[in-house]
Amino acid sequence: MNRITLKRNEGRTVSSGGLWIFDNEIDHVDGQYENGQIVEVVSFKNDFLGYGYINDNSKIRIRLLSRDKNEIIDKQFFKKRILDAWNYRKSVVETNCCRVVFSDSDRLPGLIIDKFNDILVFEIDTLGMDVRKDVLVEAAREVFEEDGVSIRGIYERSDARVRTLEGLERVKGFLSEPFDTSIEVDENGVRLKVNVAEGQKTGYFLDQKYNHLYIRNLCRDKRVLDCCTHTGGFALSAAKVAREVIGIDASDLAIAQAKENSELNGFTNTEFIVADVFDYLAEAQDKKEIFDVIILDPPAFTKSKNSVKNASKGYREINYWAMKLLKPGGFLVTCSCSEYMPRDLFMKIILASGNDAHKRLRLVESRAQGPDHPVILGHNVSDYLKCIIVQVNER
């Protein structure tokens with residue numbers, strides 16, 4: 001096996017729980033290798049750090065799979081990792097619809113597996129996993145079969161832009177016999193249509209599942225505005241108990257799906273509008289509209305460290321306008337899904353928005369993604385979703 005030696009004083013993030021080794025951390029390579037191949041990683045002092053797969057096309061040159069020097073990376077290895085991930089989910093979440101494998105957090109970097117009833121959706125983002133696709137699919141099938149869980153079909157949604165950074169094409173399609181990709185699922189008692197072929201990411205954002213449920217009590221008998229509603233996750237959960245719910249999104253397709261989901265549940269207290277969120281909030285201010293609860297769940301304003309400053313301005317503005325539309329004592333549920341927006345900075349931005357709006361903020365709760373998207377301490381990028389709930393009062 002080829003050996004990769006890191007530079008002096010590099011590898012400390014790996015030693016503290018990190019899983020990535022960047023191109024500028026490598027001192028030298030012993031032997032020849034092909035991209036995607038498993039390599040051994042050692043420190044400058046020749047201490048064993050782990051096994052991982054390598055790709056010269058990526059700035060993240062090596063992603064670690066194992067820190068056990070005696071481990072063999074074969075189908076049984078991947079099967080055990082997927083089984084460990086599945087057993088964890090069975091312990092912490094309802095598994096009808098959940099994330100089964102969450103990349104680095106399950107020690108399977110570059111691999112995501114979501115479960116929607118009896119359908120699995122694979123998202124493969126790295127070359128090291130892509131070259132092992134057949135093995136991964138077979139291993140996953142065996143895990144569920146041996147646990148007595150029926151899997152009707154498997155679909156691949158490896159069409160994320162990040163694949164291009166690995167030198168890979170963006171692809172999607174069936175990894176099993178074809179099936180109807182439009183699936184009805186139940187999320188916290190709300191019926192939803194999920195299209196695993198055409199929906200966002202793997203078909204639906206499962207990471208907010210328990211935040212959707214949490215905010216329901218805040219919305220009882222209230223007037224609720226859900227900004228960037230997408231297919232209606234927060235809005236439809238609120239509609240179970242709210243007096244009135246308005247959902248807005250810039251996507252015609254997303255709003256059409258949200259309306260379909262509302263009709264599926266027989267809700268008569270919802271309205272879904274195609275609109276730019278900033279335009280809508282400004283117009284609502286002009287109309288002197290008032291809401292009891294406002295939910296902000298925009299797409300990531302920053303997708304790199306270089307754009308955090310500009311993103312901060314966007315978050316500060318959107319939270320400011322939302323606070324201006326809340327009645328005294330109303331609740332703001334505000335989210336950031338960017339791994340590059342640290343939690344402490346996001347909290348400072350919310351406070352700054354409150355100061356701009358001359359509001360006093362009471363923190364209700366600081367939440368994250370659901371436990372099926374686990375955060376690994378020491379691997380900070382896994383703590384990507386911030387869901388901050390504050391009560392907004394006059395000063």
# chains A, B, ... in the order shown; residues from 1 in each chain; ligands from 1

call {"tool": "closest_atom_pairs", "arguments": {"of": "segment 164-249 of chain A", "to": "segment 79-95 of chain A", "cutoff": "10 Å", "atoms": "only C-alpha atoms", "output": "CSV"}}
result
residue,atom,partner,partner_atom,distance
A:Glu187,CA,A:Glu94,CA,9.6
A:Asn188,CA,A:Glu94,CA,9.5
A:Tyr210,CA,A:Val93,CA,9.4

call {"tool": "write_last_selection", "arguments": {"atoms": "C-alpha atoms", "output": "mmCIF file, in the first residue's frame"}}
result
data_model
loop_
_atom_site.group_PDB
_atom_site.id
_atom_site.type_symbol
_atom_site.label_atom_id
_atom_site.label_comp_id
_atom_site.auth_asym_id
_atom_site.auth_seq_id
_atom_site.Cartn_x
_atom_site.Cartn_y
_atom_site.Cartn_z
ATOM 1 C CA GLU A 187 -43.415 13.417 8.342
ATOM 2 C CA ASN A 188 -44.619 14.017 11.876
ATOM 3 C CA TYR A 210 -37.505 17.521 13.932
#

call {"tool": "closest_atom_pairs", "arguments": {"of": "segment 270-293 of chain A", "to": "segment 212-229 of chain A", "cutoff": "6 Å", "atoms": "only C-alpha atoms", "output": "tab-separated table"}}
result
residue	atom	partner	partner_atom	distance
A:Phe291	CA	A:Arg223	CA	5.4
A:Asp292	CA	A:Arg223	CA	5.3
A:Val293	CA	A:Val224	CA	4.8

call {"tool": "residues_around", "arguments": {"residues": "segment 371-383 of chain A", "least_positions_apart": "6", "cutoff": "7 Å", "atoms": "only C-alpha atoms", "output": "ChimeraX atom specification"}}
result
/A:16-18,89,92-93,98-100,102,105,207,339

call {"tool": "write_last_selection", "arguments": {"atoms": "C-alpha atoms", "output": "tab-separated table (two decimals), in the first residue's frame"}}
result
chain	number	residue	atom	x	y	z
A	16	SER	CA	-8.25	15.74	17.09
A	17	GLY	CA	-11.06	14.11	15.11
A	18	GLY	CA	-10.85	15.63	11.64
A	89	ARG	CA	-30.64	5.59	13.45
A	92	VAL	CA	-32.36	7.80	17.89
A	93	VAL	CA	-35.00	8.54	15.22
A	98	CYS	CA	-34.44	9.33	7.62
A	99	ARG	CA	-30.84	9.77	6.62
A	100	VAL	CA	-29.16	6.37	6.96
A	102	PHE	CA	-24.27	10.95	6.57
A	105	SER	CA	-20.24	11.60	10.33
A	207	ASP	CA	-32.40	17.54	8.15
A	339	GLU	CA	-21.21	24.92	7.11

call {"tool": "residues_around", "arguments": {"residues": "Gly203 of chain A", "least_positions_apart": "6", "cutoff": "12 Å", "atoms": "only C-alpha atoms", "output": "PyMOL selection string"}}
result
chain A and resi 97-99+113-116+119-123+155-159+172+181-185+192-197+230-231+254+257

call {"tool": "select_by_dssp", "arguments": {"residues": "segment 160-389 of chain A", "states": "strand (DSSP E)", "output": "compact mmCIF listing (two decimals) with N, CA and C atoms, in the first residue's frame"}}
result
# COMPACT_ATOMS: atom_id res chain seq x y z
N VAL A 171 -24.43 12.90 -12.22
CA VAL A 171 -25.28 11.83 -12.77
C VAL A 171 -26.45 11.55 -11.84
N LYS A 172 -27.51 10.99 -12.41
CA LYS A 172 -28.61 10.46 -11.61
C LYS A 172 -29.30 9.37 -12.42
N GLY A 173 -29.95 8.44 -11.71
CA GLY A 173 -30.62 7.34 -12.39
C GLY A 173 -30.86 6.18 -11.43
N PHE A 174 -31.46 5.14 -11.96
CA PHE A 174 -31.81 3.98 -11.14
C PHE A 174 -30.60 3.10 -10.87
N SER A 182 -42.10 9.25 -7.62
CA SER A 182 -42.92 10.11 -6.77
C SER A 182 -43.49 9.25 -5.64
N ILE A 183 -43.10 9.58 -4.42
CA ILE A 183 -43.42 8.75 -3.26
C ILE A 183 -44.16 9.60 -2.24
N GLU A 184 -45.20 9.02 -1.64
CA GLU A 184 -45.87 9.72 -0.54
C GLU A 184 -45.27 9.25 0.78
N VAL A 185 -44.87 10.21 1.61
CA VAL A 185 -44.28 9.89 2.90
C VAL A 185 -45.05 10.60 4.00
N ASP A 186 -44.80 10.18 5.22
CA ASP A 186 -45.39 10.82 6.40
C ASP A 186 -44.28 11.43 7.24
N GLU A 187 -44.38 12.75 7.48
CA GLU A 187 -43.41 13.42 8.34
C GLU A 187 -44.16 14.06 9.51
N VAL A 190 -47.73 14.66 8.86
CA VAL A 190 -48.04 15.42 7.66
C VAL A 190 -47.71 14.58 6.43
N ARG A 191 -48.66 14.48 5.51
CA ARG A 191 -48.45 13.72 4.28
C ARG A 191 -47.73 14.61 3.26
N LEU A 192 -46.70 14.06 2.63
CA LEU A 192 -45.88 14.81 1.68
C LEU A 192 -45.59 13.97 0.46
N LYS A 193 -45.60 14.61 -0.69
CA LYS A 193 -45.13 13.97 -1.91
C LYS A 193 -43.65 14.29 -2.09
N VAL A 194 -42.84 13.26 -2.24
CA VAL A 194 -41.41 13.42 -2.45
C VAL A 194 -41.05 12.79 -3.79
N ASN A 195 -40.39 13.56 -4.64
CA ASN A 195 -39.93 13.01 -5.91
C ASN A 195 -38.41 12.86 -5.84
N ARG A 223 -50.92 33.35 13.38
CA ARG A 223 -50.71 33.71 11.97
C ARG A 223 -49.22 33.55 11.68
N VAL A 224 -48.91 32.70 10.71
CA VAL A 224 -47.53 32.25 10.48
C VAL A 224 -47.09 32.60 9.06
N LEU A 225 -45.87 33.10 8.94
CA LEU A 225 -45.25 33.34 7.63
C LEU A 225 -44.02 32.46 7.52
N ASP A 226 -43.99 31.61 6.50
CA ASP A 226 -42.85 30.72 6.25
C ASP A 226 -42.13 31.19 4.99
N CYS A 227 -40.96 31.79 5.19
CA CYS A 227 -40.18 32.31 4.06
C CYS A 227 -39.23 31.24 3.52
N GLU A 244 -53.61 30.58 10.45
CA GLU A 244 -53.34 30.93 9.05
C GLU A 244 -51.85 30.77 8.79
N VAL A 245 -51.52 30.22 7.63
CA VAL A 245 -50.13 30.04 7.25
C VAL A 245 -49.93 30.54 5.82
N ILE A 246 -48.95 31.42 5.64
CA ILE A 246 -48.55 31.88 4.31
C ILE A 246 -47.14 31.37 4.04
N GLY A 247 -46.95 30.70 2.93
CA GLY A 247 -45.63 30.22 2.54
C GLY A 247 -45.19 30.90 1.26
N ILE A 248 -43.95 31.39 1.23
CA ILE A 248 -43.45 32.04 0.02
C ILE A 248 -42.15 31.38 -0.42
N ASP A 249 -41.95 31.36 -1.73
CA ASP A 249 -40.71 30.82 -2.30
C ASP A 249 -40.57 31.38 -3.71
N THR A 270 -53.99 27.48 4.49
CA THR A 270 -52.68 27.79 3.90
C THR A 270 -52.84 28.60 2.61
N GLU A 271 -51.82 29.42 2.36
CA GLU A 271 -51.70 30.14 1.09
C GLU A 271 -50.23 30.11 0.69
N PHE A 272 -49.96 29.73 -0.55
CA PHE A 272 -48.58 29.65 -1.02
C PHE A 272 -48.40 30.60 -2.20
N ILE A 273 -47.34 31.42 -2.13
CA ILE A 273 -47.13 32.52 -3.07
C ILE A 273 -45.72 32.44 -3.65
N VAL A 274 -45.61 32.61 -4.95
CA VAL A 274 -44.30 32.73 -5.60
C VAL A 274 -43.81 34.16 -5.43
N PHE A 291 -47.34 39.42 11.87
CA PHE A 291 -47.41 37.96 12.05
C PHE A 291 -47.05 37.60 13.49
N ASP A 292 -47.55 36.45 13.91
CA ASP A 292 -47.22 35.92 15.24
C ASP A 292 -45.93 35.12 15.22
N VAL A 293 -45.70 34.42 14.10
CA VAL A 293 -44.50 33.59 13.93
C VAL A 293 -43.98 33.78 12.51
N ILE A 294 -42.68 34.00 12.39
CA ILE A 294 -42.05 34.06 11.06
C ILE A 294 -40.90 33.07 11.04
N ILE A 295 -40.84 32.30 9.96
CA ILE A 295 -39.81 31.29 9.79
C ILE A 295 -38.95 31.68 8.59
N LEU A 296 -37.64 31.70 8.80
CA LEU A 296 -36.68 32.00 7.73
C LEU A 296 -35.79 30.78 7.53
N LEU A 326 -43.04 41.21 13.08
CA LEU A 326 -43.55 40.40 14.18
C LEU A 326 -44.26 41.27 15.21
N LYS A 327 -45.38 40.76 15.72
CA LYS A 327 -46.04 41.47 16.81
C LYS A 327 -45.19 41.33 18.08
N PRO A 328 -45.30 42.23 19.03
CA PRO A 328 -44.55 42.09 20.29
C PRO A 328 -44.83 40.74 20.95
N GLY A 329 -43.77 40.04 21.28
CA GLY A 329 -43.91 38.71 21.86
C GLY A 329 -43.99 37.60 20.83
N GLY A 330 -43.89 37.97 19.54
CA GLY A 330 -43.90 36.96 18.49
C GLY A 330 -42.60 36.19 18.43
N PHE A 331 -42.59 35.15 17.63
CA PHE A 331 -41.43 34.26 17.57
C PHE A 331 -40.81 34.27 16.17
N LEU A 332 -39.48 34.32 16.14
CA LEU A 332 -38.71 34.22 14.91
C LEU A 332 -37.93 32.91 14.93
N VAL A 333 -38.14 32.11 13.89
CA VAL A 333 -37.38 30.87 13.69
C VAL A 333 -36.47 31.13 12.50
N THR A 334 -35.17 31.24 12.74
CA THR A 334 -34.25 31.66 11.68
C THR A 334 -33.14 30.64 11.51
N CYS A 335 -32.87 30.29 10.26
CA CYS A 335 -31.97 29.17 9.96
C CYS A 335 -30.84 29.58 9.02
N SER A 336 -29.73 28.89 9.17
CA SER A 336 -28.64 28.94 8.20
C SER A 336 -28.17 27.51 7.96
N LYS A 359 -35.25 45.87 18.82
CA LYS A 359 -35.99 44.79 19.46
C LYS A 359 -35.15 44.14 20.56
N ARG A 360 -35.85 43.61 21.55
CA ARG A 360 -35.21 42.83 22.60
C ARG A 360 -35.49 41.36 22.32
N LEU A 361 -34.43 40.56 22.28
CA LEU A 361 -34.56 39.16 21.87
C LEU A 361 -34.37 38.23 23.07
N ARG A 362 -35.27 37.28 23.18
CA ARG A 362 -35.16 36.24 24.20
C ARG A 362 -34.90 34.91 23.48
N LEU A 363 -33.78 34.28 23.77
CA LEU A 363 -33.46 33.01 23.12
C LEU A 363 -34.37 31.91 23.66
N VAL A 364 -35.09 31.27 22.77
CA VAL A 364 -35.93 30.13 23.13
C VAL A 364 -35.11 28.85 23.05
N GLU A 365 -34.45 28.67 21.92
CA GLU A 365 -33.63 27.47 21.76
C GLU A 365 -32.71 27.63 20.56
N SER A 366 -31.53 27.04 20.69
CA SER A 366 -30.58 26.94 19.58
C SER A 366 -30.53 25.48 19.15
N ARG A 367 -31.02 25.21 17.95
CA ARG A 367 -31.15 23.84 17.48
C ARG A 367 -30.24 23.59 16.27
N LYS A 386 -27.98 25.59 11.47
CA LYS A 386 -28.34 26.36 12.65
C LYS A 386 -29.82 26.73 12.57
N CYS A 387 -30.57 26.43 13.62
CA CYS A 387 -31.99 26.79 13.69
C CYS A 387 -32.19 27.50 15.02
N ILE A 388 -32.23 28.81 14.99
CA ILE A 388 -32.27 29.62 16.19
C ILE A 388 -33.69 30.18 16.37
N ILE A 389 -34.26 29.98 17.54
CA ILE A 389 -35.61 30.44 17.83
C ILE A 389 -35.54 31.50 18.91

call {"tool": "residues_around", "arguments": {"residues": "Glu177 of chain A", "least_positions_apart": "2", "cutoff": "9 Å", "atoms": "only C-alpha atoms", "output": "count of residues only"}}
result
6

call {"tool": "closest_residue", "arguments": {"among": "A:Ala275, A:Ala160, A:Val137, A:Val149", "to": "Lys75 of chain A", "atoms": "only C-alpha atoms"}}
result
A:Val137

call {"tool": "residues_around", "arguments": {"residues": "segment 2-7 of chain A", "least_positions_apart": "5", "cutoff": "10 Å", "atoms": "only C-alpha atoms", "output": "PyMOL selection string"}}
result
chain A and resi 21-33+37-49+51+54+62

call {"tool": "write_last_selection", "arguments": {"atoms": "N, CA and C atoms", "output": "PDB file, in the first residue's frame"}}
result
ATOM      1  N   ILE A  21      -7.507  15.578   4.754  1.00  0.00           N
ATOM      2  CA  ILE A  21      -6.114  15.981   4.588  1.00  0.00           C
ATOM      3  C   ILE A  21      -6.018  16.760   3.281  1.00  0.00           C
ATOM      4  N   PHE A  22      -5.578  18.007   3.376  1.00  0.00           N
ATOM      5  CA  PHE A  22      -5.530  18.874   2.202  1.00  0.00           C
ATOM      6  C   PHE A  22      -4.197  18.720   1.461  1.00  0.00           C
ATOM      7  N   ASP A  23      -4.210  19.144   0.201  1.00  0.00           N
ATOM      8  CA  ASP A  23      -3.039  18.960  -0.659  1.00  0.00           C
ATOM      9  C   ASP A  23      -1.789  19.624  -0.086  1.00  0.00           C
ATOM     10  N   ASN A  24      -1.946  20.775   0.603  1.00  0.00           N
ATOM     11  CA  ASN A  24      -0.776  21.493   1.108  1.00  0.00           C
ATOM     12  C   ASN A  24      -0.237  20.926   2.425  1.00  0.00           C
ATOM     13  N   GLU A  25      -0.840  19.861   2.921  1.00  0.00           N
ATOM     14  CA  GLU A  25      -0.367  19.225   4.153  1.00  0.00           C
ATOM     15  C   GLU A  25       0.581  18.057   3.871  1.00  0.00           C
ATOM     16  N   ILE A  26       0.687  17.656   2.605  1.00  0.00           N
ATOM     17  CA  ILE A  26       1.450  16.451   2.253  1.00  0.00           C
ATOM     18  C   ILE A  26       2.911  16.798   1.975  1.00  0.00           C
ATOM     19  N   ASP A  27       3.810  16.046   2.600  1.00  0.00           N
ATOM     20  CA  ASP A  27       5.237  16.230   2.391  1.00  0.00           C
ATOM     21  C   ASP A  27       5.717  15.418   1.195  1.00  0.00           C
ATOM     22  N   HIS A  28       5.462  14.111   1.207  1.00  0.00           N
ATOM     23  CA  HIS A  28       5.880  13.284   0.072  1.00  0.00           C
ATOM     24  C   HIS A  28       5.070  11.999   0.020  1.00  0.00           C
ATOM     25  N   VAL A  29       5.180  11.323  -1.141  1.00  0.00           N
ATOM     26  CA  VAL A  29       4.439  10.091  -1.404  1.00  0.00           C
ATOM     27  C   VAL A  29       5.436   8.996  -1.749  1.00  0.00           C
ATOM     28  N   ASP A  30       5.265   7.831  -1.142  1.00  0.00           N
ATOM     29  CA  ASP A  30       6.083   6.658  -1.492  1.00  0.00           C
ATOM     30  C   ASP A  30       5.289   5.781  -2.441  1.00  0.00           C
ATOM     31  N   GLY A  31       5.796   5.610  -3.660  1.00  0.00           N
ATOM     32  CA  GLY A  31       5.145   4.732  -4.629  1.00  0.00           C
ATOM     33  C   GLY A  31       4.173   5.457  -5.536  1.00  0.00           C
ATOM     34  N   GLN A  32       3.631   4.714  -6.490  1.00  0.00           N
ATOM     35  CA  GLN A  32       2.671   5.222  -7.457  1.00  0.00           C
ATOM     36  C   GLN A  32       1.264   4.809  -7.041  1.00  0.00           C
ATOM     37  N   TYR A  33       0.271   5.628  -7.396  1.00  0.00           N
ATOM     38  CA  TYR A  33      -1.106   5.290  -7.047  1.00  0.00           C
ATOM     39  C   TYR A  33      -2.046   5.819  -8.123  1.00  0.00           C
ATOM     40  N   GLN A  37      -7.686   5.328  -5.027  1.00  0.00           N
ATOM     41  CA  GLN A  37      -7.045   4.200  -4.345  1.00  0.00           C
ATOM     42  C   GLN A  37      -6.908   4.470  -2.848  1.00  0.00           C
ATOM     43  N   ILE A  38      -6.909   3.388  -2.055  1.00  0.00           N
ATOM     44  CA  ILE A  38      -6.686   3.486  -0.620  1.00  0.00           C
ATOM     45  C   ILE A  38      -5.188   3.643  -0.354  1.00  0.00           C
ATOM     46  N   VAL A  39      -4.842   4.614   0.515  1.00  0.00           N
ATOM     47  CA  VAL A  39      -3.449   4.855   0.867  1.00  0.00           C
ATOM     48  C   VAL A  39      -3.314   4.895   2.389  1.00  0.00           C
ATOM     49  N   GLU A  40      -2.088   4.695   2.852  1.00  0.00           N
ATOM     50  CA  GLU A  40      -1.776   4.814   4.276  1.00  0.00           C
ATOM     51  C   GLU A  40      -1.234   6.210   4.538  1.00  0.00           C
ATOM     52  N   VAL A  41      -1.688   6.826   5.624  1.00  0.00           N
ATOM     53  CA  VAL A  41      -1.261   8.169   5.972  1.00  0.00           C
ATOM     54  C   VAL A  41      -0.473   8.117   7.275  1.00  0.00           C
ATOM     55  N   VAL A  42       0.715   8.736   7.264  1.00  0.00           N
ATOM     56  CA  VAL A  42       1.540   8.782   8.474  1.00  0.00           C
ATOM     57  C   VAL A  42       1.990  10.220   8.722  1.00  0.00           C
ATOM     58  N   SER A  43       2.329  10.503   9.970  1.00  0.00           N
ATOM     59  CA  SER A  43       2.825  11.821  10.330  1.00  0.00           C
ATOM     60  C   SER A  43       4.273  11.970   9.892  1.00  0.00           C
ATOM     61  N   PHE A  44       4.799  13.173  10.044  1.00  0.00           N
ATOM     62  CA  PHE A  44       6.199  13.421   9.707  1.00  0.00           C
ATOM     63  C   PHE A  44       7.130  12.545  10.536  1.00  0.00           C
ATOM     64  N   LYS A  45       6.665  12.175  11.742  1.00  0.00           N
ATOM     65  CA  LYS A  45       7.449  11.303  12.620  1.00  0.00           C
ATOM     66  C   LYS A  45       7.169   9.826  12.369  1.00  0.00           C
ATOM     67  N   ASN A  46       6.405   9.548  11.298  1.00  0.00           N
ATOM     68  CA  ASN A  46       6.100   8.188  10.874  1.00  0.00           C
ATOM     69  C   ASN A  46       5.065   7.499  11.772  1.00  0.00           C
ATOM     70  N   ASP A  47       4.278   8.265  12.520  1.00  0.00           N
ATOM     71  CA  ASP A  47       3.187   7.697  13.303  1.00  0.00           C
ATOM     72  C   ASP A  47       1.993   7.438  12.391  1.00  0.00           C
ATOM     73  N   PHE A  48       1.378   6.255  12.529  1.00  0.00           N
ATOM     74  CA  PHE A  48       0.229   5.895  11.705  1.00  0.00           C
ATOM     75  C   PHE A  48      -0.966   6.783  12.055  1.00  0.00           C
ATOM     76  N   LEU A  49      -1.592   7.381  11.021  1.00  0.00           N
ATOM     77  CA  LEU A  49      -2.760   8.236  11.227  1.00  0.00           C
ATOM     78  C   LEU A  49      -4.042   7.632  10.687  1.00  0.00           C
ATOM     79  N   TYR A  51      -6.083   5.099   7.208  1.00  0.00           N
ATOM     80  CA  TYR A  51      -6.222   4.745   5.801  1.00  0.00           C
ATOM     81  C   TYR A  51      -7.312   5.630   5.197  1.00  0.00           C
ATOM     82  N   ILE A  54      -7.492   8.615  -1.961  1.00  0.00           N
ATOM     83  CA  ILE A  54      -6.769   9.791  -2.443  1.00  0.00           C
ATOM     84  C   ILE A  54      -7.315  10.225  -3.797  1.00  0.00           C
ATOM     85  N   ILE A  62      -6.962  13.680   0.640  1.00  0.00           N
ATOM     86  CA  ILE A  62      -7.250  12.364   1.224  1.00  0.00           C
ATOM     87  C   ILE A  62      -8.408  12.498   2.203  1.00  0.00           C
TER      88      ILE A  62
END

call {"tool": "atom_distance", "arguments": {"atom1": "atom CA of Asn211 of chain A", "atom2": "atom CA of Glu260 of chain A"}}
result
21.8 Å
